[in-house]
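As stored in input-v2.txt (compact mmCIF, C-alpha atoms):
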# COMPACT_ATOMS: atom_id res chain seq x y z
CA MET A 1 22.02 -16.93 25.03
CA SER A 2 20.92 -13.91 23.00
CA ILE A 3 22.87 -10.67 23.47
CA LEU A 4 19.70 -8.71 22.63
CA PRO A 5 16.75 -8.27 24.99
CA ASP A 6 13.93 -10.64 24.09
CA ASN A 7 11.11 -8.11 23.94
CA ARG A 8 8.52 -6.71 21.51
CA TRP A 9 10.78 -3.90 20.35
CA THR A 10 13.64 -6.15 19.22
CA ARG A 11 11.52 -9.14 18.13
CA ALA A 12 8.57 -7.37 16.51
CA ILE A 13 8.98 -3.64 15.85
CA ALA A 14 12.63 -3.63 14.73
CA PRO A 15 12.34 -6.55 12.26
CA ALA A 16 9.02 -5.21 10.96
CA LEU A 17 10.59 -1.85 10.13
CA LEU A 18 13.72 -3.43 8.63
CA ILE A 19 11.60 -5.60 6.33
CA HIS A 20 8.93 -3.04 5.41
CA VAL A 21 11.29 -0.10 4.88
CA SER A 22 13.19 -2.35 2.44
CA ILE A 23 10.29 -3.75 0.44
CA GLY A 24 8.41 -0.44 0.52
CA THR A 25 10.91 0.93 -2.00
CA VAL A 26 8.75 -0.68 -4.68
CA TYR A 27 7.00 2.71 -4.63
CA CYS A 28 10.23 4.37 -5.85
CA TRP A 29 9.43 3.04 -9.33
CA SER A 30 8.83 6.54 -10.68
CA VAL A 31 12.44 7.50 -9.89
CA PHE A 32 13.92 5.23 -12.55
CA LYS A 33 11.12 3.96 -14.82
CA GLN A 34 11.71 6.60 -17.50
CA LEU A 35 15.46 5.96 -17.38
CA ILE A 36 14.83 2.26 -18.03
CA ALA A 37 12.43 3.09 -20.87
CA ASP A 38 14.95 5.48 -22.46
CA ARG A 39 17.80 3.00 -22.16
CA MET A 40 15.75 0.17 -23.67
CA LYS A 41 14.15 2.47 -26.25
CA VAL A 42 10.58 1.44 -25.42
CA PRO A 43 7.52 3.55 -24.51
CA ALA A 44 7.09 4.43 -20.83
CA GLY A 45 3.69 2.73 -20.93
CA THR A 46 5.37 -0.58 -21.79
CA ILE A 47 7.83 -0.33 -18.90
CA GLU A 48 4.93 0.57 -16.57
CA TRP A 49 3.91 -3.09 -16.61
CA GLY A 50 6.91 -3.84 -14.41
CA PHE A 51 5.28 -1.98 -11.51
CA SER A 52 1.78 -3.29 -12.26
CA LEU A 53 3.07 -6.87 -12.22
CA ALA A 54 4.95 -6.27 -8.95
CA ILE A 55 1.74 -5.16 -7.23
CA PHE A 56 -0.21 -8.01 -8.83
CA PHE A 57 2.28 -10.64 -7.65
CA LEU A 58 2.41 -8.96 -4.23
CA GLY A 59 -1.31 -9.47 -3.74
CA MET A 60 -1.53 -12.94 -5.24
CA SER A 61 1.54 -14.33 -3.43
CA ALA A 62 0.12 -13.00 -0.17
CA ALA A 63 -3.20 -14.70 -0.94
CA PHE A 64 -1.61 -18.08 -1.65
CA LEU A 65 1.27 -18.06 0.84
CA GLY A 66 -0.59 -16.70 3.89
CA PRO A 67 -0.83 -20.18 5.52
CA MET A 68 2.95 -20.61 5.15
CA VAL A 69 3.48 -17.34 7.02
CA GLU A 70 1.15 -18.65 9.75
CA ARG A 71 3.24 -21.82 10.09
CA ASP A 72 6.81 -20.51 9.97
CA ILE A 73 7.62 -16.82 10.36
CA LYS A 74 11.38 -17.38 10.04
CA LYS A 75 10.98 -19.22 6.75
CA SER A 76 8.68 -16.53 5.37
CA ALA A 77 11.16 -13.77 6.36
CA LEU A 78 13.95 -15.63 4.56
CA ILE A 79 11.88 -16.26 1.42
CA SER A 80 10.91 -12.59 1.34
CA MET A 81 14.53 -11.50 1.59
CA VAL A 82 15.77 -13.85 -1.13
CA CYS A 83 12.97 -13.05 -3.59
CA PHE A 84 13.10 -9.29 -3.03
CA VAL A 85 16.90 -9.01 -3.27
CA VAL A 86 17.16 -11.35 -6.28
CA GLY A 87 14.33 -9.46 -7.98
CA PHE A 88 15.91 -6.06 -7.33
CA ALA A 89 19.41 -7.10 -8.42
CA GLY A 90 17.98 -9.03 -11.38
CA THR A 91 16.23 -5.87 -12.54
CA GLY A 92 19.61 -4.13 -12.66
CA MET A 93 21.11 -7.03 -14.59
CA SER A 94 18.19 -6.96 -17.06
CA VAL A 95 18.71 -3.23 -17.60
CA GLU A 96 22.43 -3.79 -18.13
CA LEU A 97 21.70 -6.48 -20.75
CA ASN A 98 18.83 -4.47 -22.31
CA PHE A 99 16.59 -7.49 -21.71
CA LEU A 100 13.05 -6.13 -21.36
CA PRO A 101 11.35 -9.40 -20.31
CA GLY A 102 13.85 -9.59 -17.47
CA VAL A 103 12.42 -6.39 -15.95
CA PHE A 104 8.97 -7.98 -15.91
CA ILE A 105 10.30 -11.29 -14.56
CA PHE A 106 12.58 -9.88 -11.87
CA TYR A 107 10.89 -6.62 -10.80
CA GLY A 108 7.38 -7.87 -11.50
CA ALA A 109 7.21 -11.58 -10.62
CA ILE A 110 10.17 -12.50 -8.41
CA MET A 111 10.37 -9.24 -6.47
CA GLY A 112 6.56 -9.20 -6.29
CA VAL A 113 6.58 -12.53 -4.42
CA GLY A 114 9.14 -11.09 -2.00
CA LEU A 115 6.86 -8.09 -1.49
CA GLY A 116 3.78 -10.19 -0.75
CA VAL A 117 5.45 -12.55 1.71
CA GLY A 118 7.43 -9.73 3.31
CA TYR A 119 4.36 -7.54 3.72
CA LEU A 120 2.53 -10.29 5.62
CA THR A 121 5.42 -11.63 7.70
CA PRO A 122 5.63 -9.02 10.51
CA VAL A 123 1.91 -8.28 10.83
CA LYS A 124 0.62 -11.16 12.95
CA ASN A 125 3.83 -11.14 14.96
CA LEU A 126 3.19 -7.51 15.90
CA MET A 127 -0.38 -8.30 16.87
CA LEU A 128 0.82 -11.14 19.13
CA TRP A 129 3.42 -8.96 20.86
CA PHE A 130 1.09 -5.92 21.16
CA LYS A 131 -2.19 -7.57 22.18
CA ASP A 132 -3.53 -4.40 23.81
CA ASN A 133 -2.48 -2.04 20.99
CA LYS A 134 -2.75 -4.09 17.82
CA GLY A 135 -3.71 -1.12 15.67
CA LEU A 136 -0.75 0.95 16.82
CA ALA A 137 1.65 -1.94 16.21
CA THR A 138 0.46 -2.73 12.69
CA GLY A 139 0.33 1.00 11.95
CA ILE A 140 4.03 1.36 12.78
CA ALA A 141 5.02 -1.45 10.43
CA VAL A 142 2.81 -0.40 7.55
CA ALA A 143 3.94 3.22 8.05
CA GLY A 144 7.45 1.94 7.40
CA PHE A 145 6.27 0.58 4.07
CA GLY A 146 4.74 3.94 3.17
CA LEU A 147 7.71 5.96 4.42
CA ALA A 148 10.22 3.92 2.41
CA LYS A 149 9.66 6.04 -0.69
CA ALA A 150 10.56 9.25 1.11
CA ILE A 151 13.74 7.62 2.48
CA ALA A 152 14.92 5.78 -0.63
CA SER A 153 13.99 8.16 -3.45
CA PRO A 154 16.70 10.77 -2.75
CA VAL A 155 19.24 8.00 -2.13
CA MET A 156 18.40 6.41 -5.49
CA GLU A 157 18.66 9.74 -7.30
CA TRP A 158 22.04 10.40 -5.65
CA LEU A 159 23.34 6.94 -6.60
CA ILE A 160 22.08 7.19 -10.18
CA GLU A 161 23.85 10.50 -10.58
CA GLY A 162 27.05 9.19 -8.96
CA VAL A 163 27.44 5.60 -10.16
CA GLY A 164 24.73 5.13 -12.80
CA LEU A 165 21.40 3.32 -13.02
CA VAL A 166 22.66 -0.27 -13.13
CA LYS A 167 25.07 0.03 -10.20
CA MET A 168 22.33 1.71 -8.18
CA PHE A 169 20.36 -1.55 -8.36
CA TYR A 170 23.35 -3.65 -7.34
CA ILE A 171 24.38 -1.42 -4.42
CA LEU A 172 20.86 -1.15 -2.98
CA ALA A 173 20.27 -4.89 -3.46
CA LEU A 174 23.23 -5.45 -1.12
CA VAL A 175 21.93 -2.87 1.37
CA TYR A 176 18.47 -4.44 1.40
CA ALA A 177 19.96 -7.91 1.75
CA ILE A 178 21.74 -6.79 4.93
CA LEU A 179 18.69 -5.00 6.37
CA MET A 180 16.29 -7.86 5.65
CA PHE A 181 18.76 -10.49 6.90
CA VAL A 182 19.02 -8.65 10.22
CA GLY A 183 15.21 -8.58 10.28
CA PHE A 184 15.19 -12.34 9.64
CA LEU A 185 17.60 -12.91 12.54
CA LEU A 186 15.61 -10.74 14.94
CA ILE A 187 12.01 -11.72 14.23
CA LYS A 188 10.50 -14.14 16.71
CA ARG A 189 7.10 -15.13 18.07
CA PRO A 190 6.36 -14.29 21.74
CA GLN A 191 7.38 -16.84 24.33
CA GLY A 192 4.62 -19.39 24.85
CA TYR A 193 3.13 -19.03 21.38
CA VAL A 194 2.43 -22.40 19.78
CA TYR A 195 1.26 -22.88 16.21
CA GLU A 196 -1.90 -25.01 16.24
CA PRO A 197 -2.53 -26.48 12.78
CA ASP A 198 -5.89 -27.93 13.82
CA ALA A 199 -7.12 -24.47 14.86
CA GLN A 200 -6.38 -22.84 11.51
CA VAL A 201 -9.24 -21.70 9.32
CA SER A 202 -9.23 -22.88 5.72
CA ARG A 203 -9.20 -20.37 2.89
CA GLY A 204 -12.35 -21.98 1.51
CA SER A 205 -14.32 -21.38 4.70
CA ILE A 206 -13.15 -17.76 4.82
CA MET A 207 -14.14 -17.12 1.22
CA ARG A 208 -17.61 -18.59 1.80
CA ARG A 209 -18.40 -15.87 4.35
CA PRO A 210 -20.09 -12.77 2.86
CA VAL A 211 -18.44 -10.53 5.46
CA PHE A 212 -15.04 -11.30 3.96
CA TRP A 213 -16.12 -10.16 0.51
CA ALA A 214 -17.71 -7.00 1.92
CA ILE A 215 -14.39 -6.12 3.59
CA TRP A 216 -12.54 -7.11 0.39
CA LEU A 217 -14.76 -4.81 -1.69
CA ALA A 218 -14.30 -1.82 0.64
CA PHE A 219 -10.53 -2.36 0.70
CA TYR A 220 -10.38 -2.78 -3.09
CA ILE A 221 -12.34 0.43 -3.72
CA ASN A 222 -10.19 2.43 -1.30
CA ILE A 223 -7.01 1.37 -3.11
CA THR A 224 -8.51 1.81 -6.58
CA CYS A 225 -9.70 5.35 -5.82
CA GLY A 226 -6.44 6.23 -4.10
CA LEU A 227 -4.34 5.01 -7.02
CA ALA A 228 -6.66 6.67 -9.55
CA LEU A 229 -6.19 10.07 -7.90
CA ILE A 230 -2.53 9.64 -6.98
CA SER A 231 -1.63 8.61 -10.54
CA GLN A 232 -3.06 11.91 -11.84
CA GLU A 233 -1.97 14.29 -9.08
CA LYS A 234 1.04 15.74 -10.91
CA ASP A 235 -1.11 16.53 -13.94
CA ILE A 236 -3.91 17.95 -11.77
CA LEU A 237 -1.39 20.20 -10.00
CA ARG A 238 0.00 21.40 -13.34
CA ASP A 239 -3.49 22.28 -14.56
CA VAL A 240 -4.32 24.19 -11.39
CA LEU A 241 -0.99 26.02 -11.16
CA ARG A 242 -1.10 26.96 -14.85
CA GLN A 243 -4.23 29.02 -14.14
CA LEU A 244 -2.65 31.07 -11.35
CA PRO A 245 -1.59 34.62 -12.33
CA SER A 246 2.03 34.05 -11.30
CA TYR A 247 2.41 31.21 -13.81
CA SER A 248 -0.10 31.93 -16.58
CA GLY A 249 2.28 34.05 -18.69
CA LEU A 250 5.19 31.57 -18.73
CA ASP A 251 6.06 29.35 -21.69
CA ASP A 252 6.08 25.58 -21.20
CA SER A 253 9.76 25.18 -20.33
CA ALA A 254 9.81 28.12 -17.91
CA PHE A 255 6.57 26.91 -16.34
CA ALA A 256 8.00 23.40 -15.79
CA VAL A 257 11.03 24.86 -14.02
CA ALA A 258 8.94 27.28 -11.97
CA ILE A 259 6.57 24.67 -10.57
CA ALA A 260 9.09 21.87 -9.99
CA GLY A 261 9.74 22.92 -6.40
CA THR A 262 6.06 23.33 -5.60
CA VAL A 263 5.15 19.94 -7.03
CA GLY A 264 8.03 18.35 -5.12
CA VAL A 265 6.84 19.85 -1.84
CA VAL A 266 3.26 18.70 -2.45
CA LEU A 267 4.40 15.14 -3.18
CA ALA A 268 6.52 15.14 -0.02
CA VAL A 269 3.56 16.34 2.06
CA ASP A 270 1.47 13.64 0.36
CA ALA A 271 3.92 11.04 1.69
CA VAL A 272 3.64 12.52 5.18
CA PHE A 273 -0.18 12.34 5.10
CA ASN A 274 0.02 8.76 3.79
CA THR A 275 2.31 7.80 6.66
CA VAL A 276 0.31 9.67 9.31
CA GLY A 277 -2.85 8.01 7.96
CA ARG A 278 -1.28 4.59 8.34
CA LEU A 279 -0.34 5.30 11.94
CA GLY A 280 -3.34 7.38 12.87
CA PHE A 281 -6.30 5.38 11.63
CA SER A 282 -5.04 2.01 12.88
CA THR A 283 -4.19 3.52 16.27
CA LEU A 284 -7.59 5.22 16.37
CA SER A 285 -9.24 1.86 15.74
CA ASP A 286 -7.80 0.61 19.06
CA HIS A 287 -10.18 3.03 20.82
CA PHE A 288 -13.37 1.98 19.01
CA ALA A 289 -15.64 -0.88 20.01
CA ARG A 290 -15.77 -1.81 16.30
CA ARG A 291 -12.76 -1.47 14.01
CA GLU A 292 -15.10 -0.70 11.10
CA THR A 293 -15.53 2.79 12.55
CA ALA A 294 -12.06 3.76 11.32
CA TYR A 295 -13.06 2.77 7.78
CA VAL A 296 -16.32 4.70 8.09
CA ILE A 297 -14.30 7.82 8.96
CA ILE A 298 -11.96 7.21 6.01
CA PHE A 299 -14.80 6.88 3.51
CA VAL A 300 -16.87 9.78 4.88
CA MET A 301 -13.77 11.99 4.79
CA SER A 302 -12.93 10.92 1.23
CA ILE A 303 -16.50 11.50 0.02
CA ALA A 304 -16.55 14.91 1.74
CA VAL A 305 -13.39 16.22 0.06
CA CYS A 306 -14.59 14.95 -3.34
CA VAL A 307 -17.97 16.64 -2.86
CA VAL A 308 -16.28 19.91 -1.85
CA GLU A 309 -14.17 19.75 -5.03
CA ILE A 310 -17.25 19.09 -7.17
CA ALA A 311 -19.27 21.85 -5.48
CA THR A 312 -16.54 24.48 -5.76
CA GLY A 313 -15.04 23.35 -9.08
CA GLY A 314 -11.70 23.33 -7.32
CA ILE A 315 -9.68 21.96 -10.24
CA ASP A 316 -11.33 24.03 -12.96
CA ASN A 317 -11.37 27.23 -10.86
CA ALA A 318 -7.78 26.81 -9.63
CA LEU A 319 -8.78 26.66 -5.96
CA LEU A 320 -5.46 25.29 -4.79
CA TRP A 321 -6.52 24.82 -1.17
CA VAL A 322 -9.46 22.61 -2.23
CA VAL A 323 -7.27 20.49 -4.48
CA LEU A 324 -4.55 20.10 -1.85
CA ALA A 325 -7.09 19.17 0.83
CA MET A 326 -8.47 16.49 -1.48
CA LEU A 327 -5.03 15.08 -2.35
CA PHE A 328 -3.73 15.10 1.22
CA LEU A 329 -6.82 13.59 2.88
CA VAL A 330 -7.36 10.93 0.21
CA ASN A 331 -3.69 9.97 0.68
CA ALA A 332 -4.24 9.73 4.45
CA GLY A 333 -7.29 7.49 3.95
CA TYR A 334 -5.43 5.41 1.37
CA GLY A 335 -2.65 4.69 3.87
CA GLY A 336 -5.06 4.20 6.76
CA GLY A 337 -6.97 1.54 4.83
CA PHE A 338 -3.84 -0.63 4.67
CA SER A 339 -2.91 -0.40 8.34
CA THR A 340 -6.44 -0.91 9.69
CA LEU A 341 -7.13 -3.99 7.56
CA PRO A 342 -5.27 -6.61 9.69
CA VAL A 343 -6.97 -5.62 12.95
CA LEU A 344 -10.38 -5.51 11.24
CA LEU A 345 -9.83 -9.05 9.94
CA ASP A 346 -8.66 -10.13 13.40
CA GLN A 347 -11.95 -8.81 14.80
CA HIS A 348 -14.02 -10.94 12.42
CA PHE A 349 -11.89 -14.06 11.89
CA GLY A 350 -9.59 -14.24 14.91
CA ILE A 351 -5.86 -13.90 15.47
CA LYS A 352 -5.14 -17.54 14.61
CA ALA A 353 -6.16 -17.02 10.98
CA VAL A 354 -5.02 -13.43 10.49
CA SER A 355 -2.11 -14.17 8.13
CA THR A 356 -4.38 -16.30 5.96
CA THR A 357 -7.27 -13.81 5.91
CA HIS A 358 -4.92 -10.86 5.47
CA GLY A 359 -3.21 -12.60 2.58
CA LEU A 360 -6.53 -13.33 0.88
CA ALA A 361 -7.68 -9.74 1.38
CA LEU A 362 -4.47 -8.43 -0.19
CA SER A 363 -5.60 -9.97 -3.48
CA ALA A 364 -7.73 -6.80 -3.61
CA TRP A 365 -4.47 -4.86 -3.79
CA ALA A 366 -3.40 -7.02 -6.74
CA MET A 367 -6.64 -6.25 -8.59
CA ALA A 368 -6.53 -2.55 -7.70
CA GLY A 369 -2.94 -2.35 -8.90
CA LEU A 370 -4.19 -3.33 -12.34
CA SER A 371 -7.37 -1.23 -12.30
CA GLY A 372 -6.67 2.01 -10.40
CA ASN A 373 -4.33 3.73 -12.85
CA GLN A 374 -6.25 2.34 -15.81
CA LEU A 375 -9.56 3.71 -14.48
CA ALA A 376 -8.10 7.19 -14.19
CA SER A 377 -6.47 7.04 -17.62
CA PHE A 378 -9.69 5.83 -19.25
CA VAL A 379 -11.85 8.52 -17.65
CA VAL A 380 -9.38 11.33 -18.38
CA ASN A 381 -8.72 10.26 -21.97
CA HIS A 382 -12.42 9.74 -22.81
CA ALA A 383 -13.81 12.87 -21.13
CA ASP A 384 -16.22 14.74 -23.44
CA ASP A 385 -14.62 18.05 -22.49
CA GLN A 386 -10.85 17.63 -22.47
CA ALA A 387 -10.43 21.11 -20.97
CA HIS A 388 -12.07 19.78 -17.79
CA ARG A 389 -10.89 16.16 -18.02
CA TYR A 390 -9.45 15.85 -14.51
CA ALA A 391 -12.57 17.24 -12.85
CA THR A 392 -14.53 14.46 -14.60
CA LEU A 393 -12.74 11.86 -12.48
CA ILE A 394 -13.82 13.20 -9.08
CA PRO A 395 -17.60 12.40 -9.20
CA ILE A 396 -16.75 8.80 -10.15
CA LEU A 397 -14.44 8.50 -7.15
CA ALA A 398 -17.16 9.95 -4.88
CA VAL A 399 -19.64 7.29 -6.07
CA LEU A 400 -17.11 4.50 -5.55
CA TYR A 401 -16.29 5.73 -2.04
CA ALA A 402 -20.04 5.75 -1.30
CA ILE A 403 -20.28 2.09 -2.36
CA ALA A 404 -17.33 1.28 -0.07
CA LEU A 405 -19.05 3.11 2.80
CA VAL A 406 -22.26 1.10 2.33
CA SER A 407 -20.21 -2.11 2.26
CA ILE A 408 -18.35 -1.38 5.49
CA ILE A 409 -21.53 -0.24 7.29
CA TRP A 410 -23.09 -3.57 6.31
CA VAL A 411 -20.07 -5.34 7.84
CA SER A 412 -20.51 -3.35 11.06
CA ARG A 413 -24.25 -4.04 11.31
CA ARG A 414 -23.74 -7.73 10.59
CA ARG A 415 -21.23 -7.98 13.45
CA THR A 416 -23.61 -6.14 15.77
CA ARG A 417 -26.39 -8.63 15.03
CA ALA A 418 -23.97 -11.53 15.58
CA ALA A 419 -22.89 -10.10 18.95
CA ILE A 420 -26.53 -9.69 20.06
CA ALA A 421 -27.25 -13.30 19.06
CA ASP A 422 -24.23 -14.51 21.08
CA ASP A 423 -25.37 -12.55 24.13
CA ARG A 424 -28.87 -14.07 23.91
CA ALA A 425 -27.38 -17.55 23.55
CA GLU A 426 -25.35 -17.05 26.73
CA VAL A 427 -28.48 -15.94 28.62
Take the structure in the file and give it back as C-alpha cells.
Amino acid sequence: MSILPDNRWTRAIAPALLIHVSIGTVYCWSVFKQLIADRMKVPAGTIEWGFSLAIFFLGMSAAFLGPMVERDIKKSALISMVCFVVGFAGTGMSVELNFLPGVFIFYGAIMGVGLGVGYLTPVKNLMLWFKDNKGLATGIAVAGFGLAKAIASPVMEWLIEGVGLVKMFYILALVYAILMFVGFLLIKRPQGYVYEPDAQVSRGSIMRRPVFWAIWLAFYINITCGLALISQEKDILRDVLRQLPSYSGLDDSAFAVAIAGTVGVVLAVDAVFNTVGRLGFSTLSDHFARRETAYVIIFVMSIAVCVVEIATGGIDNALLWVVLAMLFLVNAGYGGGFSTLPVLLDQHFGIKAVSTTHGLALSAWAMAGLSGNQLASFVVNHADDQAHRYATLIPILAVLYAIALVSIIWVSRRRTRAAIADDRAEV
C-alpha cells in the first residue's frame, strides 16, 4: 500500500515538475559554453553545436518515441532519466578529457534523447488527471521547464566558482538523477485508465492531415522568431543602452561593467514573462471554445509589438520601453506556444493520440533549434547598414508572425466547418 495519497498532485503535478525542472536546465547552456570553449581552445561557434544538437535530438526523439510514451509512461520516465543523467555527466567527463566530440555526443545526442522523452512523458498524464483544466495542467509542467534556467543558473555559477566546471557536471548529474528517479517512482496514470493499442492513431495518418502541418508551421514559426530575437537580445540591449546619455561617454570596459546589472535584470524579467506566458496562455485556452484563439492572441500580440518597434524606430532611437515591451511580450508568446500546443492537438486529434501527435509536432522545435539563431545571425551580419543591423531583423519577424497567424486562423476555420458538418449529420 502506498504511503502517498494517490491523487493528481502526487501522481501528475509533482512528477511533472521534478522531470521538467531537471531537463529544463538545457537552457543553462550559456552559463558554461564559453568556459568549455576556452578549456578546449575552440571557437565559441564550434561549441554552440552542442546546444543545437540537443534541441534537434529533443525534437526528433519526441517525434519517433511518442508511441512508446503512449504505451508505457513508467518506461519513458526511466529512459528519460537515464539518457539525461548519462548525457549530463558524460559532458563533464568529455570536458575533463578535452574530448570535443564527446560534448556533441553526450550533451547533444544522448542528453537530447532524454530531453525529448522527458518533455513528452508528463504531458498526457496531466491531461488525463486534469480533464476539466487541461491547459492549466500542461501549463504548470511546461512552466517548470521554462523556470529551470532561473533556478539552476545561479546554482551552476556557484558550483563552478566553488568546485570547478567538471565537478559541477558530476554533482548536478547526481542531483538530477535523484529528482528524476523520484519523478519516475511517483508518476502514474489515473485509476481506470487502460491503454488501447487498437485505438491509437498512426503517425502516417496524422501526417496526411493538412491541419497537422498548419499547426506544425505555426508552432515552428513561433519558436523560430522567438529564438531569433532571444539570441540577439543582449546585443540589442547593448546598442540601445549605449545611446543613452548616462552611458554614452563611457569606454568599452566601463560600459560593460555599468550595464551588467541592467542586462541581468532584463534577462531575469524575460524568464518571468516566459514562465507566465506558459502558464497564462494555456490556462486561458481552457476558457475558449477553440484552443486556436490562444495562438491568435499570441501572434497578434507579437505582430503588434514588432510593428510598434518598426513605427517608432525603438532600437535605433534608443526607446528602451519599446524594446523591453517587444522582448518581454515575445518571450511570453514564445513560452505560451509550447504550453498551448498539447491541448490544441488534443482538440484536433483526441487524447488517445496526444503523445504521438505532440511528439511529431515537436519536430518543429528540432528544426527551429537549427534555424532560429542562424536566421538572426544571417540577417544581422548581411544587413546593408550595419549601424542599424538589429532593426533590420524586426520586419522579417513581423512577416513570419503574420504567416503563422494566417496558418492558425485556417486551422480554426477548418475546425468550424468540420463541426458544422457533424451537426448537420446528426440532424
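Proximity to Val69 of chain A was assessed for A:Leu120, A:Ala289, A:Ala228, A:Ala152 counting all atoms listed in the file; the smallest distance is recorded for A:Leu120.
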Seminar exercise, completed: Students should find that atom CA of Leu375 of chain A and atom CA of Val276 of chain A are spaced 26.4 Å
Exercise. So which one's closest to Leu128 of chain A, A:Ser30, A:Gln191, A:Thr10, A:Asn98? Using only C-alpha atoms, please.
Worked result: A:Gln191
Problem set entry | Selected residue of minimal separation from Pro101 of chain A among A:Thr283, A:Thr46, A:Ser205, A:Gln374, counting all atoms listed in the file |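 That would be A:Thr46, the residue with the smallest distance to Pro101 of chain A.
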How big is the axis-aligned box around all listed atoms of segment 9-16 of chain A once 6 Å goes on each side, and where's its centre, in Å to one decimal, as JSON?
{"center_x": 11.1, "center_y": -6.4, "center_z": 15.7, "size_x": 17.1, "size_y": 17.5, "size_z": 21.4}
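Closest approach to Leu237 of chain A among A:Gly337, A:Gly264, A:Gly139, A:Gly183 is made by A:Gly264 (distances from only C-alpha atoms).
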For this session: Mind giving me the straight-line distance from atom CA of Gly59 of chain A to atom CA of Trp365 of chain A in Å, one decimal?
Result: 5.6 Å
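Candidate residues A:Ser412, A:Thr121, A:Asn381, A:Thr357 were compared for distance to Ser202 of chain A, and the nearest is A:Thr357, using all atoms listed in the file.
Across A:Val379, A:Met301, A:Met60, A:Ile236, the tightest approach to Leu320 of chain A is made by A:Ile236 when counting all atoms listed in the file.
Between atom CA of Tyr176 of chain A and atom CA of Ile36 of chain A lies a distance of 20.9 Å.
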For this session: Please provide the set of residues having any atom within 7 Å of Gly50 of chain A, restricted to only C-alpha atoms, with same-chain residues fewer than 2 positions apart removed, written as a list in words.
Result: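 Returned residues: Ile47, Glu48, Ser52, Leu53, Ala54, Val103, Phe104, Tyr107 and Gly108 of chain A.
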For this session: List the neighbours of Phe299 of chain A out to 12 Å using all atoms listed in the file; skip same-chain residues closer than 5 positions along the sequence, and give me the result as number ranges by chain.
Result: A: 218-219, 221-223, 225-226, 281, 292-294, 304-306, 329-334, 336-337, 397-409
Which residues come within 12 Å of Ala311 of chain A, counting all atoms listed in the file, excluding same-chain residues fewer than 5 positions away, as a compact mmCIF listing (two decimals) with C-alpha atoms, in the frame of the given file?
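Dumped to result.txt:
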# COMPACT_ATOMS: atom_id res chain seq x y z
CA ALA A 304 -16.55 14.91 1.74
CA VAL A 305 -13.39 16.22 0.06
CA CYS A 306 -14.59 14.95 -3.34
CA ASP A 316 -11.33 24.03 -12.96
CA ASN A 317 -11.37 27.23 -10.86
CA LEU A 319 -8.78 26.66 -5.96
CA VAL A 322 -9.46 22.61 -2.23
CA ALA A 391 -12.57 17.24 -12.85
CA ILE A 394 -13.82 13.20 -9.08
CA PRO A 395 -17.60 12.40 -9.20
For this session: Extract, using all atoms listed in the file, all DNA, RNA and protein residues at most 12 Å from Asp6 of chain A, discarding same-chain residues fewer than 5 positions from it, and format them as a PyMOL selection string.
Result: chain A and resi 1+11-14+129+186-191
